[in-house]
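Novice: My structure is stored as coords.tsv, with TSV, C-alpha atoms.
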chain	number	residue	atom	x	y	z
A	1	MET	CA	-25.39	9.90	10.54
A	2	LEU	CA	-24.96	7.68	7.52
A	3	LEU	CA	-23.14	4.91	9.41
A	4	THR	CA	-23.33	4.27	13.14
A	5	ILE	CA	-21.46	1.42	14.80
A	6	ASP	CA	-22.63	1.13	18.39
A	7	ARG	CA	-20.83	-1.15	20.91
A	8	VAL	CA	-20.38	-3.88	18.33
A	9	GLN	CA	-18.96	-7.22	19.38
A	10	LYS	CA	-17.70	-10.02	17.18
A	11	ALA	CA	-16.00	-13.30	18.10
A	12	TYR	CA	-14.32	-15.94	16.00
A	13	PRO	CA	-15.76	-19.47	16.04
A	14	GLY	CA	-14.70	-20.90	19.36
A	15	GLY	CA	-15.34	-17.68	21.24
A	16	ARG	CA	-12.10	-15.71	20.82
A	17	PRO	CA	-13.12	-12.03	20.59
A	18	VAL	CA	-12.07	-10.01	17.54
A	19	LEU	CA	-14.11	-6.84	18.21
A	20	GLN	CA	-15.10	-5.66	21.67
A	21	ASP	CA	-17.60	-2.83	22.18
A	22	VAL	CA	-16.46	-0.93	19.09
A	23	SER	CA	-18.27	2.35	18.43
A	24	MET	CA	-17.80	4.93	15.67
A	25	SER	CA	-19.88	7.00	13.27
A	26	LEU	CA	-19.51	8.45	9.80
A	27	ASP	CA	-21.64	11.07	8.08
A	28	MET	CA	-22.18	11.80	4.40
A	29	GLY	CA	-19.14	13.44	2.87
A	30	GLU	CA	-16.79	12.42	5.70
A	31	THR	CA	-13.62	10.37	5.28
A	32	LEU	CA	-12.26	8.22	8.09
A	33	ALA	CA	-9.06	6.16	8.21
A	34	LEU	CA	-9.10	2.97	10.27
A	35	THR	CA	-5.60	1.99	11.36
A	36	GLY	CA	-4.20	-0.85	13.45
A	37	GLU	CA	-1.82	-3.78	13.39
A	38	SER	CA	-2.53	-6.94	11.41
A	39	GLY	CA	-5.11	-9.03	13.26
A	40	SER	CA	-6.56	-6.07	15.14
A	41	GLY	CA	-9.99	-6.48	13.51
A	42	LYS	CA	-9.89	-3.77	10.83
A	43	SER	CA	-11.04	-5.91	7.91
A	44	THR	CA	-13.61	-7.64	10.11
A	45	LEU	CA	-15.12	-4.27	11.03
A	46	LEU	CA	-15.19	-3.25	7.37
A	47	ASN	CA	-17.03	-6.46	6.47
A	48	LEU	CA	-19.58	-5.81	9.22
A	49	ALA	CA	-20.15	-2.24	7.98
A	50	ALA	CA	-20.72	-3.67	4.49
A	51	ALA	CA	-23.35	-6.08	5.84
A	52	LEU	CA	-21.20	-8.97	4.59
A	53	ASP	CA	-21.08	-10.68	7.98
A	54	GLY	CA	-23.11	-10.82	11.16
A	55	PHE	CA	-22.10	-9.54	14.58
A	56	ASP	CA	-22.64	-10.92	18.06
A	57	GLY	CA	-23.69	-7.82	19.96
A	58	GLY	CA	-24.38	-4.10	19.60
A	59	GLU	CA	-25.86	-2.55	16.48
A	60	ILE	CA	-24.82	-1.16	13.11
A	61	THR	CA	-27.13	1.32	11.39
A	62	LEU	CA	-26.61	2.24	7.75
A	63	ASP	CA	-28.67	5.01	6.19
A	64	GLY	CA	-31.35	4.53	8.81
A	65	LYS	CA	-31.49	0.73	8.57
A	66	ALA	CA	-30.50	-1.40	11.58
A	67	LEU	CA	-28.50	-4.27	10.10
A	68	SER	CA	-29.59	-6.69	12.82
A	69	SER	CA	-33.19	-6.29	11.62
A	70	LEU	CA	-32.43	-7.36	8.04
A	71	ASN	CA	-32.44	-10.87	6.62
A	72	ASP	CA	-29.89	-12.01	4.03
A	73	PRO	CA	-31.83	-10.66	1.00
A	74	GLY	CA	-32.36	-7.37	2.84
A	75	ARG	CA	-28.66	-7.00	3.58
A	76	ALA	CA	-27.79	-7.87	-0.02
A	77	GLU	CA	-30.20	-5.23	-1.31
A	78	LEU	CA	-28.75	-2.62	1.07
A	79	ARG	CA	-25.24	-3.42	-0.17
A	80	ARG	CA	-26.26	-3.11	-3.81
A	81	GLN	CA	-28.00	0.22	-3.31
A	82	LYS	CA	-25.88	1.98	-0.69
A	83	VAL	CA	-22.39	0.48	-0.40
A	84	SER	CA	-19.40	-0.12	-2.66
A	85	LEU	CA	-16.09	-1.76	-1.81
A	86	VAL	CA	-12.52	-1.46	-3.06
A	87	PHE	CA	-10.02	-4.16	-2.09
A	88	GLN	CA	-6.24	-4.48	-2.10
A	89	GLN	CA	-6.44	-7.34	-4.62
A	90	PHE	CA	-8.55	-5.35	-7.17
A	91	ASN	CA	-11.02	-8.28	-7.66
A	92	LEU	CA	-11.77	-7.40	-11.27
A	93	ILE	CA	-13.56	-9.96	-13.44
A	94	PRO	CA	-10.87	-11.24	-15.85
A	95	SER	CA	-13.31	-12.24	-18.60
A	96	LEU	CA	-14.79	-8.72	-18.80
A	97	THR	CA	-13.28	-5.68	-20.49
A	98	VAL	CA	-12.48	-2.51	-18.57
A	99	ASP	CA	-15.74	-0.99	-19.81
A	100	GLN	CA	-17.74	-4.03	-18.67
A	101	ASN	CA	-15.99	-4.12	-15.30
A	102	LEU	CA	-16.76	-0.44	-14.75
A	103	SER	CA	-20.49	-0.95	-15.23
A	104	PHE	CA	-20.76	-4.31	-13.43
A	105	HIS	CA	-21.80	-3.11	-9.94
A	106	ALA	CA	-24.09	-0.40	-11.32
A	107	ARG	CA	-25.93	-2.96	-13.44
A	108	LEU	CA	-26.43	-5.20	-10.40
A	109	ALA	CA	-27.82	-2.21	-8.51
A	110	GLY	CA	-30.13	-1.28	-11.39
A	111	ASN	CA	-28.43	2.12	-11.48
A	112	CYS	CA	-26.35	2.05	-14.66
A	113	ASP	CA	-25.87	5.61	-15.93
A	114	SER	CA	-23.76	5.40	-19.10
A	115	GLU	CA	-22.93	9.12	-19.06
A	116	TRP	CA	-21.69	8.90	-15.47
A	117	ILE	CA	-19.62	5.81	-16.23
A	118	SER	CA	-18.10	7.52	-19.27
A	119	HIS	CA	-17.25	10.50	-17.08
A	120	LEU	CA	-15.62	8.20	-14.53
A	121	ALA	CA	-13.55	6.49	-17.23
A	122	GLN	CA	-12.18	9.80	-18.41
A	123	ARG	CA	-11.66	11.10	-14.88
A	124	LEU	CA	-9.71	7.97	-13.97
A	125	GLY	CA	-7.58	8.06	-17.11
A	126	LEU	CA	-9.15	4.90	-18.53
A	127	GLY	CA	-10.65	6.30	-21.72
A	128	ASP	CA	-8.11	4.58	-23.98
A	129	LEU	CA	-8.27	1.28	-22.09
A	130	LEU	CA	-11.98	0.45	-22.22
A	131	GLU	CA	-11.67	-2.51	-24.61
A	132	ARG	CA	-8.72	-4.07	-22.80
A	133	TYR	CA	-8.87	-6.87	-20.23
A	134	PRO	CA	-7.56	-6.67	-16.65
A	135	GLU	CA	-4.58	-8.95	-17.28
A	136	SER	CA	-3.11	-6.41	-19.71
A	137	LEU	CA	-3.23	-3.53	-17.18
A	138	SER	CA	-0.72	-2.38	-14.59
A	139	GLY	CA	-1.60	-2.63	-10.90
A	140	GLY	CA	-2.35	1.08	-10.72
A	141	GLN	CA	-4.62	0.87	-13.75
A	142	GLN	CA	-6.47	-2.12	-12.32
A	143	GLN	CA	-7.06	-0.29	-9.06
A	144	ARG	CA	-8.39	2.72	-10.94
A	145	VAL	CA	-10.86	0.39	-12.69
A	146	ALA	CA	-11.85	-1.00	-9.28
A	147	ILE	CA	-12.48	2.51	-7.97
A	148	GLY	CA	-14.51	3.37	-11.05
A	149	ARG	CA	-16.58	0.20	-10.69
A	150	ALA	CA	-17.25	1.07	-7.03
A	151	MET	CA	-18.26	4.67	-7.78
A	152	ALA	CA	-20.31	3.81	-10.88
A	153	ALA	CA	-23.24	2.77	-8.70
A	154	LYS	CA	-23.16	6.18	-6.91
A	155	PRO	CA	-22.85	4.67	-3.42
A	156	LYS	CA	-23.51	6.57	-0.24
A	157	LEU	CA	-20.70	4.66	1.51
A	158	LEU	CA	-17.38	3.62	-0.01
A	159	LEU	CA	-15.41	1.03	1.97
A	160	ALA	CA	-11.76	0.52	1.02
A	161	ASP	CA	-9.53	-2.20	2.48
A	162	GLU	CA	-5.83	-1.32	2.00
A	163	PRO	CA	-6.59	-0.05	-1.54
A	164	THR	CA	-2.98	1.01	-2.18
A	165	GLY	CA	-1.31	-1.95	-0.46
A	166	ASN	CA	-0.18	-3.59	-3.73
A	167	LEU	CA	0.97	-0.38	-5.43
A	168	ASP	CA	4.23	1.53	-5.53
A	169	GLU	CA	4.44	4.99	-3.99
A	170	THR	CA	3.64	6.89	-7.18
A	171	ALA	CA	0.65	4.72	-8.12
A	172	SER	CA	-0.56	4.82	-4.49
A	173	SER	CA	-0.58	8.62	-4.51
A	174	VAL	CA	-2.50	8.75	-7.79
A	175	VAL	CA	-5.09	6.21	-6.61
A	176	LEU	CA	-5.64	7.97	-3.29
A	177	ASP	CA	-5.97	11.38	-4.96
A	178	LEU	CA	-8.60	10.03	-7.35
A	179	MET	CA	-10.54	8.26	-4.61
A	180	LEU	CA	-10.65	11.32	-2.36
A	181	SER	CA	-11.60	13.55	-5.27
A	182	LEU	CA	-14.48	11.31	-6.34
A	183	VAL	CA	-15.98	10.92	-2.87
A	184	ALA	CA	-15.70	14.68	-2.33
A	185	ASP	CA	-17.50	15.39	-5.61
A	186	THR	CA	-20.29	12.86	-5.03
A	187	GLY	CA	-20.77	13.47	-1.29
A	188	ALA	CA	-20.14	9.82	-0.46
A	189	ALA	CA	-18.59	8.82	2.85
A	190	LEU	CA	-15.32	6.88	2.87
A	191	LEU	CA	-14.11	4.39	5.47
A	192	LEU	CA	-10.59	3.32	4.54
A	193	VAL	CA	-8.47	0.65	6.22
A	194	THR	CA	-4.75	1.39	6.02
A	195	HIS	CA	-1.43	0.66	7.71
A	196	SER	CA	0.00	3.94	6.41
A	197	GLN	CA	0.07	6.92	8.73
A	198	ASP	CA	0.73	9.16	5.71
A	199	ILE	CA	-2.47	7.99	4.03
A	200	ALA	CA	-4.44	8.22	7.28
A	201	ALA	CA	-3.29	11.82	7.73
A	202	ARG	CA	-4.98	12.82	4.47
A	203	LEU	CA	-8.45	11.80	5.64
A	204	ASP	CA	-10.77	13.89	7.79
A	205	ARG	CA	-10.59	11.66	10.86
A	206	ARG	CA	-8.89	8.50	12.03
A	207	ALA	CA	-9.69	5.68	14.44
A	208	HIS	CA	-7.17	3.14	15.71
A	209	LEU	CA	-8.02	-0.48	16.50
A	210	ALA	CA	-5.90	-2.41	18.97
A	211	ASN	CA	-6.84	-5.79	20.41
A	212	GLY	CA	-10.36	-5.43	19.07
A	213	ARG	CA	-10.99	-2.02	20.67
A	214	ILE	CA	-10.91	1.57	19.47
A	215	THR	CA	-8.06	3.36	21.22
Represent the structure of the file as structure tokens.
Specialist:
Amino acid sequence: MLLTIDRVQKAYPGGRPVLQDVSMSLDMGETLALTGESGSGKSTLLNLAAALDGFDGGEITLDGKALSSLNDPGRAELRRQKVSLVFQQFNLIPSLTVDQNLSFHARLAGNCDSEWISHLAQRLGLGDLLERYPESLSGGQQQRVAIGRAMAAKPKLLLADEPTGNLDETASSVVLDLMLSLVADTGAALLLVTHSQDIAARLDRRAHLANGRIT
């Protein structure tokens, strides 16, 4: 398994539990939708899988590495080499062009393949936008740049937190189609947080979080 989450527990400061004995797994090439109401712990679980935050109990193993055994530099290196993230808010760097944003993560990972990035730009319909800046793009275009930036580093695991939440129905469909197509072609695994049952139905599997537990 690429990602194994085993009886993970996480509490907010003060002791209020947010995740309670959560277990799930994800293999290379699989797609999994994580659903649940606001405050159920979905984004928290995504951050734990990305090694962005620590957990209070249980274990998370990513590509054979137990996250609890890694220090901060070790977790940062694992993120750079194995994991990419796509957020609802796009999080593009406004001072960089589309072309520079696309290559940003790959350069940090030391894995910048210009031919692959050029292929991604064309695949995502960004070929004519490479010299433009994020502020001049539509929401759908910005999210396509964010997906390209995430996939440019050739991650083993793509984590997406409500990636279509700020888009209209047409743009959402285009973005989801592109994301699923790219992970299928590269063999990456996808863990996607969504409120949409329609989006969840398009992924291989789904898990539902309620009150910090998988139901």
Novice: Suppose you want the space between CA of Glu131 in chain A and CA of Ser95 in chain A; what is it in Å?
Specialist: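 Interatomic distance, CA of Glu131 in chain A to CA of Ser95 in chain A: 11.6 Å.
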Novice: Residues near Leu192 in chain A, anyone? I mean within 7 Å using all atoms listed in the file, not counting same-chain ones fewer than 5 positions away, as a list in words.
Specialist: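 Residues meeting the cut-off are Leu32, Ala33, Leu34, Leu159, Ala160 and Asp161 of chain A.
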Novice: Interatomic distance between CA of Arg132 in chain A and CA of Thr97 in chain A?
Specialist: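 Going from CA of Arg132 in chain A over to CA of Thr97 in chain A covers 5.4 Å.
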Novice: For a test of reading the model, state the distance in Å between CA of Ala171 in chain A and CA of Gly127 in chain A, rounded to one decimal.
Specialist: 17.8 Å
Novice: Counting all atoms listed in the file, figure out which residue out of A:Ala51, A:Ile199, A:Ile147, A:Ile214 gets nearest to Asp21 in chain A.
Specialist: A:Ile214
Novice: Rank nothing, just name the residue among A:Leu92, A:Gln100, A:Arg16, A:Ala109 nearest to Gly139 in chain A, using all atoms listed in the file.
Specialist: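 Looking at the shortest contact to Gly139 in chain A, the residue is A:Leu92.
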Novice: Of the candidates A:Leu26, A:Ala11, A:Leu2, A:Gly140, which shows the shortest atom-to-atom distance to Arg205 in chain A, using all atoms listed in the file?
Specialist: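 For Arg205 in chain A, the nearest of the given residues is A:Leu26.
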Novice: Kindly extract all protein, DNA and RNA residues lying within 10 Å of the coordinates (-17.2, -3.6, -13.2) given in the file, considering all atoms listed in the file, and supply them as a list in words.
Specialist: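 Those within range, by chain then number, are Asn91, Leu92, Ile93, Leu96, Thr97, Val98, Asp99, Gln100, Asn101, Leu102, Ser103, Phe104, His105, Ala106, Arg107, Leu108, Val145, Ala146, Ile147, Gly148, Arg149, Ala150, Met151, Ala152 and Ala153 of chain A.
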Novice: Which polymer residues have any atom within 10 Å of an atom of Gly57 in chain A, counting all atoms listed in the file, with same-chain residues fewer than 3 positions away left out, as a ChimeraX atom specification?
Specialist: /A:6-11,19-21,54,60,68
Novice: Contacts of Val174 in chain A at 12 Å or less, counting all atoms listed in the file, minus same-chain residues fewer than 3 places along, as a PyMOL selection string?
Specialist: chain A and resi 123-125+139-141+143-144+147+163-164+167-171+177-181+199
Novice: Skipping near chain neighbours, those fewer than 3 positions away, what residues fall within 6 Å of Ala189 in chain A using only C-alpha atoms, listed as an MDAnalysis selection string?
Specialist: chainID A and resid 28:31 157
